[in-house]
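Structure record follows, encoded as structure tokens.
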Amino acid sequence: MPDVQALVNEFLIKLKKRKIEGSQATARQTAELLRSVISQQRVPYTNQAGALIDAVRAVGEQLIAANPVELAVGNIVRRVLHIVREEDLSLTTAAMAGLNLSAVSDDEDDAEHEDHPVISAAAARSALRAPSLQTLLEDVPDAAAVPHTSSSGGDSEGKSKSADKSSRSRKLKHDVIEAVNELIQDIVTCHEQIAEQAVEHIHQNEVILTMGSSRTVLEFLCAAKEKKRSFRVFVAEGAPRYQGHLLAKELVARGLQTTLITDSAVFAMISRVNMVIVGAHAVMANGGVIAPVGLNMVALAAQRHAVPFVVLAGSHKLCPLYPHNPEVLLNELRSPSELLDFGEFSDCMDFGNGTGSPLLHVVNPAFDYVPPKLVSLFITDTGGHNPSYMYRLIADYYSANDLVVQRRPATGS
């Protein structure tokens with residue numbers, strides 16, 4: 001079995017170097033790594049859930065710090081922490097229910113004996129008068145008659161308790177790993193679960209606008225096509241990476257009528273569109289969306305022309321944090337080489353102007369923030385939801401104690 005720390009270090013390198021493409025792949029690999037951490041974690045007899053939580057939190061802190069922009073990593077870490085808490089609560093509740101049942105059964109047995117006492121008439125009469133000295137002396141129990149618990153019985157009882165604790169420890173880890181496996185399966189199948197709802201939202205002869213490239217959007221549109229829906233797709237190219245070109249090729253290969261447009265043509269074409277369908281990088285607790293750069297412009301155009309703006313997102317993209325939280329890094333700057341050729345602009349980069357800085361600066365942000373007021377509907381693997389409902393949906397997946405994974409440094413007195 002591979003060393004857990006080696007697996008963690010290998011995954012950290014992938015995150016830092018941005019070797020993993022897409023939130024789904026990142027979420028799946030994060031969940032698989034945390035499953036390995038839990039599987040190989042030694043759990044004490046007491047506070048077993050606390051030991052698992054500390055182990056997951058320690059690894060999760062490193063993963064989040066390696067790539068703060070990839071919010072899916074933190075989402076999965078918090079989901080696994082929530083799973084540990086839920087499974088521990090379930091086992092504790094079951095154990096308490098078992099104790100209550102045994103206590104109730106004992107009380108019922110005692111009640112049966114009290115309801116049907118078997119005493120003689122002489123005993124009844126003697127109970128009515130004060131006991132004599134002889135009676136008191138005769139009632140002193142013989143030391144030999146007092147039952148003693150043998151040492152072997154004590155040892156067996158101790159072994160039984162130890163076995164129960166060990167069994168509960170294995171049961172907790174087993175249940176947590178099973179729940180993490182279900183989480184991984186949900187991540188893997190999220191595209192299919194979202195695509196199953198396509199026929200409910202895309203109708204005959206509609207015009208759909210999207211931007212950039214998203215596998216979730218691709219599967220969603222193709223699922224509607226397979227249900228004999230006839231519609232046209234406008235694809236904004238998504239500069240500067242032009243991921244829309246890849247999506248347009250995929251749609252044409254699957255038989256969809258596709259029109260590729262420039263990003264600047266969105267406002268000119270939006271009046272012909274019936275619905276905007278886009279993917280997301282992350283969905284915040286307030287219903288806001290962190291999406292590829294340019295989508296805020298598309299959302300504003302859709303609002304201006306009263307066109308529904310629909311966001312597709314798997315549950316692994318639902319983030320329990322708000323945009324203003326300090327743990328949230330909303331954006332990152334990509335390489336300027338995506339915008340211009342340094343060979344052609346080398347003269348503009350000249351540092352010989354005496355100020356020590358170039359005259360030309362290039363800013364290439366990766367993401368946009370779309371406020372919830374611009375979103376008409378979220379479609380997740382659990383169904384369609386209004387932006388105002390997202391915080392309640394997100395609350396089902398996370399515990400309030402796990403919102404901040406990073407340990408805060410202790411302040412000296």
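Chain labels A, B, ... are given in the sequence in which chains occur in the structure tokens; within each chain residues are numbered consecutively from 1, and ligands are likewise numbered from 1 in the order shown.
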
Could you pull the residues within 9 Å of region 237-248 of chain A, counting only C-alpha atoms, minus those fewer than 6 positions along the same chain, as a compact mmCIF listing (two decimals) with C-alpha atoms, in the first residue's frame?
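As a result, selection_36.txt now contains:
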```txt
# COMPACT_ATOMS: atom_id res chain seq x y z
CA THR A 210 -23.34 29.47 -24.32
CA MET A 211 -19.77 30.64 -23.88
CA GLY A 212 -16.43 28.88 -23.69
CA SER A 213 -16.17 25.14 -23.13
CA SER A 214 -17.86 23.08 -20.44
CA ARG A 215 -18.34 19.32 -20.45
CA LEU A 218 -21.88 19.71 -23.78
CA THR A 258 -23.95 25.45 -34.16
CA THR A 259 -22.99 29.07 -34.82
CA LEU A 260 -19.67 30.39 -33.52
CA ILE A 261 -19.60 34.09 -32.61
CA THR A 262 -17.10 36.47 -31.06
CA ASP A 263 -17.51 37.54 -27.45
CA PRO A 292 -14.93 31.90 -16.76
CA VAL A 293 -14.08 35.48 -17.62
CA GLY A 294 -16.64 37.17 -19.89
CA LEU A 295 -19.75 35.50 -18.47
CA GLU A 338 -2.43 34.28 -24.12
CA LEU A 339 -3.13 37.87 -25.18
CA ASN A 364 -5.42 38.47 -18.00
```

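Distances to Ser335 (chain A) were evaluated for A:Lys17, A:Val311, A:Val362, A:Gly98 using only C-alpha atoms, and the minimum falls at A:Val362.
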
Checklist entry - Hey, what's within 10 Å of Asp381 (chain A) if we count only C-alpha atoms and toss same-chain stuff fewer than 5 positions away? As a ChimeraX atom specification, please? => result /A:186-187,189-197,312-316

Checklist entry - Nearest to Val207 (chain A) among A:His305, A:Lys249, A:His174, A:Arg272, with distances taken over only C-alpha atoms: which residue is it? => result A:Arg272

Checklist entry - How would you write, as a PyMOL selection string, the set of residues in region 264-361 of chain A that DSSP gives as helix (DSSP H, G or I)? => result chain A and resi 264-272+295-304+315-317+336-338+346-349

Next on the checklist: What's the separation between CA of Ser399 (chain A) and CA of Ala66 (chain A), in Å to one decimal place?
Outcome noted: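 For CA of Ser399 (chain A) relative to CA of Ala66 (chain A), the distance reads 22.9 Å.
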
Item to check | Polymer residues at most 12 Å from Asp396 (chain A), only C-alpha atoms, same-chain spacing of 4 or more positions, as an MDAnalysis selection string | outcome: chainID A and resid 78:79 82:83 86 285 315 318:320 382 389:392 400

Checklist entry - Got a sec: who's within 12 Å of Glu178 (chain A), counting only C-alpha atoms, leaving out chain neighbours fewer than 5 positions off, as a list of chain:residue names? => result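 Residues meeting the cut-off are A:Ala31, A:Glu32, A:Arg35, A:Ile38, A:Ser39, A:Val80, A:Ile83, A:Val84, A:Glu87, A:Lys171, A:Leu172, A:Lys173, A:Leu183, A:Ile184, A:Gln185.
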
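The interatomic distance for the pair CA of Phe234 (chain A) and CA of Leu209 (chain A) works out to 4.6 Å.
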
Checklist outcome for this item: From the list A:Ala299, A:Cys348, A:Leu333, A:Leu256, the nearest residue to Leu374 (chain A) using only C-alpha atoms is A:Ala299

Item to check | Non-local contacts of Arg42 (chain A) (10 Å; only C-alpha atoms; under 5 positions in same chain excluded) as a ChimeraX atom specification | outcome: /A:37,48,51-52,55,169,173
